[in-house]
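Asks: Next comes the structure file model07.txt, holding compact mmCIF, C-alpha atoms.
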```
# COMPACT_ATOMS: atom_id res chain seq x y z
CA MET A 239 -133.78 269.89 25.92
CA LEU A 240 -133.34 273.50 25.21
CA VAL A 241 -130.26 275.56 24.72
CA GLU A 242 -130.77 279.20 23.98
CA SER A 243 -128.09 281.56 22.86
CA LYS A 244 -127.73 284.52 20.62
CA LEU A 245 -126.80 283.59 17.11
CA ASP A 246 -126.25 285.39 13.91
CA PRO A 247 -127.36 282.72 11.45
CA SER A 248 -125.56 284.44 8.60
CA ALA A 249 -122.15 283.94 10.17
CA ASP A 250 -120.10 280.86 9.45
CA SER A 251 -118.74 280.55 12.92
CA VAL A 252 -120.43 282.39 15.71
CA PRO A 253 -118.99 282.83 19.19
CA MET A 254 -121.79 283.48 21.61
CA LYS A 255 -122.72 283.06 25.18
CA GLY A 256 -122.53 279.41 26.01
CA VAL A 257 -121.74 278.33 22.51
CA THR A 258 -118.35 278.47 20.88
CA ALA A 259 -117.53 277.53 17.39
CA VAL A 260 -115.71 274.22 17.24
CA GLY A 261 -116.66 270.62 17.47
CA SER A 262 -116.37 267.29 15.80
CA THR A 263 -119.47 265.18 16.21
CA THR A 264 -123.19 265.53 15.97
CA LEU A 265 -125.75 264.96 18.65
CA PRO A 266 -127.37 261.56 18.94
CA ASN A 267 -130.57 260.84 17.14
CA ASP A 268 -132.63 259.81 20.10
CA PHE A 269 -132.80 263.09 21.92
CA ILE A 270 -135.84 262.89 24.12
CA MET A 271 -137.96 265.42 25.97
CA LEU A 272 -140.68 264.70 28.41
CA PRO A 273 -143.25 267.35 29.17
CA SER A 274 -144.88 267.41 32.59
CA SER A 275 -147.83 265.45 31.30
CA GLY A 276 -145.51 262.48 31.21
CA ALA A 277 -146.10 261.89 27.53
CA ALA A 278 -142.78 261.22 25.89
CA LEU A 279 -141.95 263.46 23.02
CA SER A 280 -139.12 262.02 21.03
CA LEU A 281 -137.37 264.62 18.97
CA PRO A 282 -134.66 263.59 16.57
CA ILE A 283 -131.87 266.08 16.95
CA GLY A 284 -130.34 265.58 13.55
CA GLU A 285 -129.63 268.43 11.25
CA ALA A 286 -133.24 269.09 10.40
CA GLN A 287 -134.22 269.65 13.98
CA LEU A 288 -131.72 272.28 14.92
CA THR A 289 -133.47 275.51 14.24
CA ALA A 290 -131.60 278.76 13.97
CA LEU A 291 -133.58 281.86 14.72
CA PRO A 292 -132.24 285.40 14.71
CA GLU A 293 -131.86 285.54 18.46
CA ARG A 294 -131.48 282.00 19.54
CA VAL A 295 -130.56 278.46 18.73
CA VAL A 296 -133.24 276.03 19.72
CA ILE A 297 -132.35 272.41 20.01
CA GLY A 298 -135.05 269.92 19.35
CA GLY A 299 -137.22 272.25 17.37
CA VAL A 300 -139.03 273.49 20.45
CA LEU A 301 -139.58 277.21 20.54
CA ALA A 302 -139.23 279.12 23.75
CA ASN A 303 -142.93 279.77 24.10
CA ALA A 304 -143.65 276.09 23.70
CA VAL A 305 -141.24 274.83 26.31
CA PRO A 306 -142.93 272.45 28.69
CA SER A 307 -142.89 273.65 32.25
CA ARG A 308 -141.02 270.56 33.32
CA LEU A 309 -138.34 268.84 31.37
CA PHE A 310 -136.49 265.66 31.97
CA ILE A 311 -132.89 265.24 30.97
CA SER A 312 -131.28 261.86 31.38
CA VAL A 313 -127.69 261.47 32.35
CA SER A 314 -126.80 260.18 28.92
CA THR A 315 -128.51 263.07 27.20
CA TYR A 316 -126.83 265.49 29.53
CA ILE A 317 -123.43 264.19 28.55
CA PHE A 318 -124.18 264.91 24.95
CA VAL A 319 -125.62 268.32 25.54
CA ALA A 320 -123.06 269.44 28.06
CA ALA A 321 -119.95 267.98 26.54
CA ASP A 322 -120.77 267.98 22.99
CA TYR A 323 -121.64 269.44 19.85
CA LEU A 324 -124.34 271.06 17.88
CA GLN A 325 -124.38 270.94 14.16
CA THR A 326 -126.62 273.08 12.05
CA ALA A 327 -128.27 272.06 8.83
CA GLY A 328 -125.61 274.04 7.04
CA GLY A 329 -122.83 272.06 8.65
CA GLN A 330 -121.81 274.61 11.23
CA ARG A 331 -120.60 272.96 14.38
CA PHE A 332 -120.64 274.33 17.88
CA THR A 333 -119.57 273.12 21.25
CA VAL A 334 -121.62 274.13 24.22
CA ASP A 335 -119.89 275.52 27.23
CA PRO A 336 -121.00 273.08 29.89
CA LEU A 337 -121.27 275.52 32.74
CA THR A 338 -123.20 278.12 30.82
CA SER A 339 -125.48 275.65 29.24
CA ALA A 340 -125.98 273.88 32.52
CA ALA A 341 -126.92 277.16 34.12
CA GLU A 342 -129.53 277.62 31.45
CA PHE A 343 -130.74 274.09 31.93
CA GLY A 344 -130.83 274.72 35.62
CA ARG A 345 -133.72 277.09 35.22
CA LEU A 346 -135.85 274.18 34.18
CA ALA A 347 -137.34 271.81 36.69
CA ILE A 348 -136.76 268.15 36.28
CA GLY A 349 -139.64 265.92 35.41
CA ASP A 350 -140.11 262.22 35.81
CA SER A 351 -139.08 259.51 33.46
CA ASP A 352 -137.79 256.00 33.63
CA GLY A 353 -135.90 253.92 31.18
CA LEU A 354 -133.63 256.57 29.76
CA ALA A 355 -130.78 256.22 32.14
CA PHE A 356 -129.01 253.47 30.27
CA SER A 357 -129.39 254.97 26.80
CA ASN A 358 -126.63 256.34 24.57
CA VAL A 359 -123.98 254.28 26.30
CA ASP A 360 -121.78 253.82 23.27
CA GLY A 361 -121.68 257.52 22.60
CA ILE A 362 -120.72 258.26 26.16
CA ARG A 363 -118.01 255.66 26.02
CA ASP A 364 -116.64 257.35 22.90
CA GLN A 365 -116.34 260.60 24.79
CA ALA A 366 -115.28 259.17 28.13
CA GLY A 367 -112.47 261.08 29.79
CA PRO A 368 -111.68 263.56 32.51
CA ARG A 369 -113.82 266.20 30.88
CA VAL A 370 -116.87 264.01 30.97
CA ILE A 371 -116.26 263.20 34.63
CA ARG A 372 -116.66 266.90 35.39
CA HIS A 373 -119.91 266.91 33.48
CA LEU A 374 -121.15 263.88 35.34
CA VAL A 375 -120.36 265.50 38.66
CA HIS A 376 -122.15 268.61 37.50
CA TYR A 377 -125.04 266.45 36.44
CA LEU A 378 -125.19 265.02 39.95
CA ARG A 379 -125.41 268.52 41.37
CA THR A 380 -128.05 269.79 38.99
CA PHE A 381 -130.15 267.11 37.35
CA PHE A 382 -129.73 263.92 39.29
CA ARG A 383 -133.19 263.03 40.41
CA PRO A 384 -132.62 261.52 43.88
CA SER A 385 -132.29 264.21 46.54
CA TYR A 386 -128.74 263.25 47.49
CA GLY A 387 -127.15 264.32 44.21
CA ARG A 388 -125.08 267.12 45.73
CA ASP A 389 -123.77 264.87 48.48
CA LEU A 390 -122.88 262.24 45.93
CA ALA A 391 -121.10 264.83 43.76
CA LYS A 392 -119.10 265.98 46.77
CA ARG A 393 -118.17 262.41 47.55
CA ILE A 394 -117.00 261.79 43.98
CA ASP A 395 -114.81 264.88 44.16
CA THR A 396 -113.28 263.73 47.44
CA LEU A 397 -112.77 260.21 46.17
CA ALA A 398 -111.07 261.51 43.02
CA LYS A 399 -108.58 263.42 45.15
CA THR A 400 -107.98 260.45 47.44
CA LEU A 401 -107.42 258.19 44.47
CA LYS A 402 -104.67 260.50 43.19
CA GLU A 403 -103.16 260.61 46.65
CA ASP A 404 -103.09 256.80 46.76
CA TYR A 405 -102.09 255.97 43.20
CA GLY A 406 -100.56 259.09 41.69
CA GLU A 407 -101.72 262.00 39.60
CA SER A 408 -102.78 259.87 36.65
CA ALA A 409 -105.33 257.97 38.72
CA GLU A 410 -108.91 258.95 37.94
CA ILE A 411 -112.44 257.91 38.70
CA SER A 412 -113.67 255.83 35.79
CA THR A 413 -116.09 257.84 33.72
CA MET A 414 -118.03 254.81 32.65
CA SER A 415 -118.18 253.37 36.13
CA LEU A 416 -119.66 256.62 37.42
CA TYR A 417 -122.04 256.74 34.50
CA TYR A 418 -123.32 253.24 35.26
CA LEU A 419 -123.68 254.05 38.95
CA ILE A 420 -125.73 257.14 38.14
CA ALA A 421 -127.85 255.24 35.67
CA PHE A 422 -128.45 252.50 38.25
CA LEU A 423 -129.50 254.97 40.92
CA GLU A 424 -131.77 256.90 38.59
CA THR A 425 -133.44 253.72 37.45
CA HIS A 426 -134.11 252.68 41.05
CA LEU A 427 -135.14 255.92 42.66
CA ASP A 428 -136.17 254.46 46.00
CA VAL A 429 -132.73 253.01 46.65
CA ARG A 430 -131.02 255.10 49.28
CA ARG A 431 -127.68 256.76 48.85
CA PRO A 432 -124.79 254.29 48.84
CA ALA A 433 -121.45 254.81 50.54
CA LEU A 434 -118.73 254.87 47.90
CA ALA A 435 -115.17 253.62 47.64
CA ALA A 436 -112.98 253.18 44.58
CA SER A 437 -110.87 250.41 43.12
CA PRO A 438 -107.27 251.13 42.07
CA ASN A 439 -108.45 251.57 38.48
CA GLY A 440 -111.09 254.09 39.49
CA CYS A 441 -114.18 251.92 39.38
CA LEU A 442 -116.74 252.68 42.04
CA ILE A 443 -117.89 250.30 44.73
CA ALA A 444 -121.28 251.16 46.18
CA ASN A 445 -122.01 249.87 49.66
CA TRP A 446 -125.27 249.72 51.58
CA ARG A 447 -125.34 248.45 55.15
CA GLU A 448 -127.94 247.84 57.77
CA SER A 449 -127.59 246.76 61.39
CA GLY A 450 -124.32 244.96 61.05
CA SER A 451 -125.58 241.78 59.43
CA ARG A 452 -126.86 243.18 56.15
CA ARG A 453 -124.60 244.53 53.47
CA LEU A 454 -124.73 244.88 49.73
CA SER A 455 -121.65 245.83 47.73
CA ILE A 456 -121.81 246.41 44.00
CA GLU A 457 -118.76 247.23 41.94
CA PHE A 458 -119.63 249.15 38.80
CA MET A 459 -117.12 248.37 36.11
CA ALA A 460 -116.37 250.47 33.07
CA SER A 461 -117.78 247.82 30.75
CA GLY A 462 -121.23 247.98 32.33
CA ALA A 463 -120.62 244.70 34.12
CA VAL A 464 -121.02 244.59 37.88
CA ARG A 465 -120.06 242.19 40.57
CA TYR A 466 -121.96 242.05 43.78
CA PHE A 467 -121.75 240.64 47.27
CA LEU A 468 -124.87 240.48 49.39
CA VAL A 469 -124.90 239.42 53.03
CA GLU A 470 -128.20 239.04 54.83
CA PRO A 471 -129.88 236.80 57.37
CA ASN A 472 -132.02 233.99 56.01
CA SER A 473 -135.59 235.23 56.13
CA ASP A 474 -136.84 232.03 57.79
CA HIS A 475 -133.81 231.44 59.98
CA PRO A 476 -132.46 234.82 61.06
CA ASP A 477 -129.48 233.27 62.81
CA VAL A 478 -128.27 231.86 59.50
CA ILE A 479 -126.33 234.39 57.42
CA GLU A 480 -126.52 233.97 53.68
CA ARG A 481 -124.07 235.32 51.16
CA HIS A 482 -124.83 235.86 47.51
CA VAL A 483 -121.93 236.53 45.19
CA GLY A 484 -122.14 237.02 41.48
CA ASN A 485 -121.68 238.92 38.28
CA SER A 486 -124.29 240.80 36.34
CA THR A 487 -124.73 244.09 34.53
CA ALA A 488 -125.63 247.52 35.85
CA ASP A 489 -129.00 247.49 34.12
CA SER A 490 -130.05 244.05 35.31
CA VAL A 491 -128.44 243.43 38.70
CA PHE A 492 -131.43 244.86 40.54
CA GLU A 493 -133.73 242.21 39.10
CA ARG A 494 -131.05 239.54 39.05
CA ILE A 495 -130.78 239.48 42.82
CA ASN A 496 -134.28 240.77 43.40
CA LEU A 497 -133.20 243.86 45.29
CA ALA A 498 -136.78 245.09 45.45
CA ARG A 499 -137.35 242.68 48.33
CA LEU A 500 -134.69 244.41 50.45
CA GLY A 501 -136.58 247.01 52.41
CA TRP A 502 -133.40 248.20 54.11
CA LEU A 503 -132.01 249.28 50.78
CA ARG A 504 -134.69 251.90 50.40
CA GLU A 505 -134.87 255.44 51.74
CA MET B 21 -89.34 232.19 61.53
CA THR B 22 -90.35 232.81 57.95
CA GLY B 23 -93.29 230.70 56.93
CA ASP B 24 -94.47 229.93 60.45
CA HIS B 25 -98.20 230.04 60.99
CA ILE B 26 -99.23 233.05 63.04
CA PRO B 27 -101.11 231.92 66.16
CA ASP B 28 -104.88 232.20 65.98
CA ALA B 29 -105.06 234.50 68.97
CA GLU B 30 -102.90 237.19 67.41
CA ARG B 31 -104.22 240.26 65.67
CA ILE B 32 -102.99 241.44 62.33
CA ALA B 33 -103.29 244.93 60.86
CA ARG B 34 -103.91 245.55 57.16
CA TYR B 35 -103.27 249.03 55.86
CA CYS B 36 -106.34 250.18 53.89
CA LYS B 37 -105.83 253.11 51.54
CA GLY B 38 -108.12 256.11 51.67
CA SER B 39 -109.79 255.21 48.41
CA ASP B 40 -110.60 251.80 49.91
CA ILE B 41 -112.62 253.48 52.67
CA ASP B 42 -116.20 254.37 51.90
CA ASP B 43 -117.94 257.46 53.21
CA ASP B 44 -119.31 255.52 56.19
CA GLY B 45 -115.72 254.88 57.24
CA PHE B 46 -115.71 251.17 56.41
CA PRO B 47 -113.04 249.52 54.27
CA SER B 48 -114.32 248.02 51.04
CA ALA B 49 -113.24 244.82 49.39
CA TYR B 50 -110.27 246.27 47.52
CA ALA B 51 -108.50 246.81 50.82
CA PHE B 52 -108.03 243.03 50.82
CA PHE B 53 -107.08 242.64 47.18
CA LEU B 54 -103.49 241.93 46.28
CA ARG B 55 -101.70 245.14 45.42
CA GLU B 56 -98.96 245.63 42.93
CA HIS B 57 -95.87 243.67 43.98
CA GLU B 58 -97.76 241.76 46.67
CA GLY B 59 -97.52 237.98 46.60
CA SER B 60 -99.73 237.79 49.66
CA LEU B 61 -101.75 240.36 51.57
CA SER B 62 -99.21 242.33 53.55
CA VAL B 63 -100.16 242.65 57.23
CA TYR B 64 -98.45 243.78 60.41
CA LEU B 65 -98.37 241.68 63.56
CA PHE B 66 -100.15 244.24 65.68
CA ASP B 67 -99.79 242.53 69.06
CA ARG B 68 -96.02 242.31 68.68
CA PHE B 69 -95.54 246.04 68.64
CA GLY B 70 -94.46 247.51 71.93
CA GLY B 71 -96.96 249.04 74.29
CA ASP B 72 -99.46 248.12 76.95
CA SER B 73 -102.50 249.39 75.09
CA ASP B 74 -103.77 249.34 71.53
CA GLN B 75 -103.08 253.04 71.26
CA ALA B 76 -99.48 252.50 72.31
CA ARG B 77 -99.11 249.59 69.89
CA LEU B 78 -100.63 251.73 67.15
CA GLU B 79 -98.12 254.47 67.78
CA SER B 80 -95.27 251.96 67.78
CA LEU B 81 -96.50 250.59 64.48
CA ARG B 82 -96.76 254.04 62.95
CA PHE B 83 -93.26 254.88 64.14
CA ALA B 84 -91.82 251.68 62.68
CA VAL B 85 -93.68 251.71 59.39
CA HIS B 86 -94.46 255.25 58.30
CA ASN B 87 -92.08 256.59 55.66
CA ILE B 88 -89.83 253.58 56.18
CA LEU B 89 -91.84 250.65 54.86
CA LEU B 90 -94.88 252.50 53.67
CA LYS B 91 -96.15 256.01 53.34
CA LEU B 92 -99.19 255.99 55.58
CA ARG B 93 -101.80 258.64 54.94
CA LYS B 94 -104.39 260.35 57.07
CA SER B 95 -107.13 259.06 54.81
CA GLY B 96 -106.05 255.45 55.40
CA VAL B 97 -106.88 253.10 58.23
CA LEU B 98 -105.37 250.01 59.80
CA ALA B 99 -107.96 247.25 59.91
CA LEU B 100 -107.43 244.80 62.77
CA LEU B 101 -108.41 241.16 62.38
CA ARG B 102 -107.83 238.21 64.63
CA VAL B 103 -106.04 235.46 62.76
CA GLY B 104 -108.10 232.52 63.99
CA VAL B 105 -111.39 234.30 63.50
CA ALA B 106 -110.46 235.29 59.96
CA LYS B 107 -109.36 231.78 59.00
CA GLN B 108 -112.41 230.15 60.52
CA HIS B 109 -114.75 232.68 58.94
CA ILE B 110 -113.41 232.24 55.43
CA SER B 111 -113.80 228.52 55.70
CA ALA B 112 -117.31 228.71 57.16
CA ALA B 113 -118.58 231.41 54.81
CA THR B 114 -117.44 229.47 51.75
CA ASN B 115 -118.64 226.09 53.03
CA GLY B 116 -115.08 224.92 53.27
CA GLU B 117 -114.31 225.70 49.65
CA ARG B 118 -111.80 228.40 50.52
CA GLY B 119 -109.18 228.74 53.19
CA ILE B 120 -106.47 231.22 54.00
CA ARG B 121 -103.12 230.91 55.72
CA VAL B 122 -101.45 233.65 57.72
CA LEU B 123 -97.72 233.12 57.65
CA HIS B 124 -94.84 234.96 59.23
CA ASP B 125 -93.07 236.92 56.52
CA PRO B 126 -90.30 239.13 57.96
CA LEU B 127 -89.09 241.88 55.66
CA ILE B 128 -85.47 242.29 54.74
CA GLU B 129 -85.72 245.35 52.52
CA PRO B 130 -85.59 248.28 52.93
CA VAL B 131 -84.93 247.41 56.58
CA GLN B 132 -85.01 244.27 58.65
CA PHE B 133 -88.55 244.12 60.00
CA ASP B 134 -89.88 241.15 61.88
CA ASN B 135 -93.47 242.13 62.71
CA HIS B 136 -94.80 241.35 59.28
CA ALA B 137 -96.88 238.51 57.87
CA GLY B 138 -98.81 237.62 54.75
CA ILE B 139 -102.35 236.37 54.22
CA TYR B 140 -102.01 233.65 51.61
CA ASP B 141 -104.40 231.89 49.24
CA THR B 142 -106.70 234.83 48.55
CA ALA B 143 -106.00 235.18 44.83
CA ALA B 144 -108.22 232.37 43.61
CA ASP B 145 -111.41 234.15 44.67
CA GLU B 146 -110.42 237.63 45.73
CA TRP B 147 -113.84 239.24 45.59
CA THR B 148 -115.42 236.64 47.85
CA ILE B 149 -112.54 236.30 50.28
CA ALA B 150 -111.98 240.04 50.53
CA ASN B 151 -115.66 240.65 51.23
CA CYS B 152 -115.68 237.91 53.86
CA LEU B 153 -112.61 239.38 55.54
CA LEU B 154 -114.46 242.69 55.83
CA GLU B 155 -116.99 240.92 58.04
CA VAL B 156 -114.41 240.06 60.69
CA ILE B 157 -112.61 243.37 61.04
CA GLU B 158 -112.54 244.00 64.77
CA THR B 159 -111.75 247.66 64.47
CA ALA B 160 -110.30 250.15 62.04
CA LEU B 161 -107.73 252.55 63.48
CA PRO B 162 -106.58 255.77 61.83
CA ALA B 163 -103.34 255.06 60.01
CA LEU B 164 -102.07 258.45 61.10
CA SER B 165 -103.27 260.78 63.77
CA ARG B 166 -105.97 263.00 62.29
CA GLN B 167 -105.30 265.88 64.61
```
Could I get this file's structure written as structure tokens?
Replies:
Amino acid sequence: MLVESKLDPSADSVPMKGVTAVGSTTLPNDFIMLPSSGAALSLPIGEAQLTALPERVVIGGVLANAVPSRLFISVSTYIFVAADYLQTAGGQRFTVDPLTSAAEFGRLAIGDSDGLAFSNVDGIRDQAGPRVIRHLVHYLRTFFRPSYGRDLAKRIDTLAKTLKEDYGESAEISTMSLYYLIAFLETHLDVRRPALAASPNGCLIANWRESGSRRLSIEFMASGAVRYFLVEPNSDHPDVIERHVGNSTADSVFERINLARLGWLRE
Amino acid sequence: MTGDHIPDAERIARYCKGSDIDDDGFPSAYAFFLREHEGSLSVYLFDRFGGDSDQARLESLRFAVHNILLKLRKSGVLALLRVGVAKQHISAATNGERGIRVLHDPLIEPVQFDNHAGIYDTAADEWTIANCLLEVIETALPALSRQ
């Protein structure tokens, strides 16, 4: 992923468009870019890879004229880039203004990739908080790969307000719950948009319904665990309604209850 | 009388908070989870409110409850369930492993209020029972007028 901003590399601390001079952590080491060819290009983003040029900071060692036409940014990577910190080889640290950097990111189309959605979880958990929620909502509006990202972002905003109305000003949507929901939906791109509600502690419950007798509810917990409740007619005996209840994790529930077989769950 | 079983034919109304309602307008399972300070799921005895129509009963309920027993909100709904249907459904859906009781539970504080009951025995398996109760909601009425 690319962040460009003007930088005077001789300065110790350089305020610039989109990049201000404070911060406390470094970027993760598994920063990944995917060019449109689909070939994964894994670029460690440690100190050696942050290149300072007279006019710009380039993350990932990719120069402007070598930027792939299509880039993929996973939700976990976005959190780090939008919320976090750049550190130069010389130890300078910068935070990136999320809106400015996102606007720059927004000029880049989103490519295709699977398998990244559940990465960097521990780092996200470390940073979890109201600020990251804003980034996640912004991510939904800008980078989320399913077409309903803006609608989902709007719903999260509404739900956050309703939660405060119901439980007081300190009530918030759980950052990690939202993260796991996003990761789930980006891993299973043909799953249609769920209807969302929230638990008193801000965890999200995703509901899918079809024709009255079919419903799937998954609660995404902050730990990455999920619990689910699936109601559907028996495939051989449609008048018999089956219920499947259980616990799993966000990254394995799809396979655990074989959701691929549920045509009504898809767009 | 306190502790009496509510007749199967009666309808009960559970207040579902706005955050319990998903964007399709349906309550989700947490609407039927025990809330803070609840020993049983608090419900109102909908058919005992005055009025010759559901709309009239709804308005009576709002008048009696809102800002007295509970602060209702426009984002919330009152989910109506029929007692007998709910009890039978929980038993059937869990192969007889779970059962609920709906018992008369008049309130004394902050005011004397008779049209109140509790759904008991949900705590042991809240996720399952709450999700099963969602299946037998007859209708969900706006907790407050949305006009």
Asks: With only C-alpha atoms counted and 8 Å as the cut-off, give the residues of chain B in contact with chain A, each with its shortest interatomic distance in Å and the pair that gives it, as a tab-separated table.
Replies:
```
residue	atom	partner	partner_atom	distance
B:Lys37	CA	A:Asp404	CA	6.6
B:Gly38	CA	A:Thr400	CA	6.1
B:Ser39	CA	A:Ala436	CA	5.4
B:Asp40	CA	A:Ala435	CA	5.4
B:Ile41	CA	A:Ala435	CA	5.6
B:Asp42	CA	A:Ala435	CA	4.4
B:Asp43	CA	A:Ala433	CA	5.1
B:Asp44	CA	A:Ala433	CA	6.1
B:Ser48	CA	A:Ala435	CA	6.6
B:Tyr50	CA	A:Ser437	CA	6.1
B:Ser95	CA	A:Thr400	CA	7.5
B:Ala113	CA	A:Arg481	CA	7.7
B:Thr148	CA	A:Val483	CA	7.0
B:Asn151	CA	A:Phe467	CA	7.3
```
Asks: Quick one: distance from CA of Arg118 (chain B) to CA of His25 (chain B) in Å, one decimal?
Replies: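 Answer for the CA of Arg118 (chain B) to CA of His25 (chain B) separation: 17.2 Å.
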Asks: If we count all atoms listed in the file and set the cut-off at 10 Å, which residues sit around Leu427 (chain A), ignoring sequence neighbours fewer than 2 positions away in its own chain? Please answer as a PDB file with C-alpha atoms, in the coordinates of the input.
Replies:
```pdb
ATOM      1  CA  ASP A 352    -137.790 256.000  33.630  1.00  0.00           C
ATOM      2  CA  ARG A 383    -133.190 263.030  40.410  1.00  0.00           C
ATOM      3  CA  PRO A 384    -132.620 261.520  43.880  1.00  0.00           C
ATOM      4  CA  SER A 385    -132.290 264.210  46.540  1.00  0.00           C
ATOM      5  CA  PHE A 422    -128.450 252.500  38.250  1.00  0.00           C
ATOM      6  CA  LEU A 423    -129.500 254.970  40.920  1.00  0.00           C
ATOM      7  CA  GLU A 424    -131.770 256.900  38.590  1.00  0.00           C
ATOM      8  CA  THR A 425    -133.440 253.720  37.450  1.00  0.00           C
ATOM      9  CA  VAL A 429    -132.730 253.010  46.650  1.00  0.00           C
ATOM     10  CA  ARG A 430    -131.020 255.100  49.280  1.00  0.00           C
ATOM     11  CA  ARG A 431    -127.680 256.760  48.850  1.00  0.00           C
ATOM     12  CA  ARG A 504    -134.690 251.900  50.400  1.00  0.00           C
ATOM     13  CA  GLU A 505    -134.870 255.440  51.740  1.00  0.00           C
TER      14      GLU A 505
END
```
Asks: So the first atom is CA of Val131 (chain B) and the second is CA of Phe83 (chain B); what is the distance between them in Å, to one decimal place?
Replies: 13.5 Å
Asks: So that I can check the surroundings of Ile110 (chain B), please list as an mmCIF file with C-alpha atoms, in the coordinates of the input every protein, DNA and RNA residue that reaches within 7 Å of it, counting only C-alpha atoms and ignoring chain neighbours fewer than 4 positions away.
Replies:
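For reference, out02.cif as written:
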```cif
data_model
loop_
_atom_site.group_PDB
_atom_site.id
_atom_site.type_symbol
_atom_site.label_atom_id
_atom_site.label_comp_id
_atom_site.auth_asym_id
_atom_site.auth_seq_id
_atom_site.Cartn_x
_atom_site.Cartn_y
_atom_site.Cartn_z
ATOM 1 C CA ALA B 106 -110.460 235.290 59.960
ATOM 2 C CA THR B 114 -117.440 229.470 51.750
ATOM 3 C CA ARG B 118 -111.800 228.400 50.520
ATOM 4 C CA GLY B 119 -109.180 228.740 53.190
ATOM 5 C CA ILE B 149 -112.540 236.300 50.280
ATOM 6 C CA CYS B 152 -115.680 237.910 53.860
#
```
Asks: So how far away is CA of Tyr418 (chain A) from CA of His376 (chain A), in Å?
Replies: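 CA of Tyr418 (chain A) lies at a distance of 15.6 Å from CA of His376 (chain A).
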Asks: Fewer than 3 positions away in the same chain doesn't count, so skip those; otherwise give me all residues within 7 Å of region 54-69 of chain B, counting all atoms listed in the file, as a list of chain:residue names.
Replies: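 Final neighbour list, sorted by chain and number: B:Glu30, B:Arg31, B:Ile32, B:Ala33, B:Arg34, B:Arg77, B:Ser80, B:Leu81, B:Asn135, B:His136, B:Ala137, B:Gly138, B:Ile139, B:Tyr140.
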Asks: Could you save those same residues with C-alpha atoms as an mmCIF file, in the frame of the given file?
Replies:
```
data_model
loop_
_atom_site.group_PDB
_atom_site.id
_atom_site.type_symbol
_atom_site.label_atom_id
_atom_site.label_comp_id
_atom_site.auth_asym_id
_atom_site.auth_seq_id
_atom_site.Cartn_x
_atom_site.Cartn_y
_atom_site.Cartn_z
ATOM 1 C CA GLU B 30 -102.900 237.190 67.410
ATOM 2 C CA ARG B 31 -104.220 240.260 65.670
ATOM 3 C CA ILE B 32 -102.990 241.440 62.330
ATOM 4 C CA ALA B 33 -103.290 244.930 60.860
ATOM 5 C CA ARG B 34 -103.910 245.550 57.160
ATOM 6 C CA ARG B 77 -99.110 249.590 69.890
ATOM 7 C CA SER B 80 -95.270 251.960 67.780
ATOM 8 C CA LEU B 81 -96.500 250.590 64.480
ATOM 9 C CA ASN B 135 -93.470 242.130 62.710
ATOM 10 C CA HIS B 136 -94.800 241.350 59.280
ATOM 11 C CA ALA B 137 -96.880 238.510 57.870
ATOM 12 C CA GLY B 138 -98.810 237.620 54.750
ATOM 13 C CA ILE B 139 -102.350 236.370 54.220
ATOM 14 C CA TYR B 140 -102.010 233.650 51.610
#
```
Asks: Using all atoms listed in the file, which of the listed residues (A:Asp428, A:Ile456, A:Asp477, A:Ala463) sits closest to Trp502 (chain A)?
Replies: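 For Trp502 (chain A), the nearest of the candidates is A:Asp428.
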Asks: Pick the closest to Asp141 (chain B) from B:Lys107, B:Arg121, B:Arg166, B:His86: which is it, counting all atoms listed in the file?
Replies: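 The answer is B:Arg121, which sits nearest to Asp141 (chain B).
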Asks: Please give the centre and size of the box around region 38-51 of chain B (axis-aligned, containing every atom listed in the file, 8 Å added per side), with values in Å to one decimal and written as AutoDock Vina command-line options.
Replies:
```
--center_x -113.7 --center_y 251.1 --center_z 52.4 --size_x 27.2 --size_y 28.6 --size_z 25.7
```
Asks: As a VMD selection string, please: the residues near Leu416 (chain A) (cut-off 8 Å, all atoms listed in the file, same-chain neighbours under 6 positions excluded).
Replies: chain A and resid 371 374 441 to 442 458
Asks: Within 6 Å of (-97.3, 233.8, 60.9), all atoms listed in the file: residues as a short mmCIF file (atom, residue, chain, number, x, y, z; two decimals) with C-alpha atoms, keeping the file's coordinate frame?
Replies:
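The new file selection.cif reads:
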```
data_model
loop_
_atom_site.label_atom_id
_atom_site.label_comp_id
_atom_site.auth_asym_id
_atom_site.auth_seq_id
_atom_site.Cartn_x
_atom_site.Cartn_y
_atom_site.Cartn_z
CA ASP B 24 -94.47 229.93 60.45
CA HIS B 25 -98.20 230.04 60.99
CA ILE B 26 -99.23 233.05 63.04
CA VAL B 122 -101.45 233.65 57.72
CA LEU B 123 -97.72 233.12 57.65
CA HIS B 124 -94.84 234.96 59.23
CA ALA B 137 -96.88 238.51 57.87
#
```
Asks: Restricting the calculation to only C-alpha atoms, which member of B:Pro162, B:Val156, B:Leu90, B:Asp145 is positioned closest to Gly104 (chain B)?
Replies: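 Under the stated criterion, the closest residue is B:Val156.
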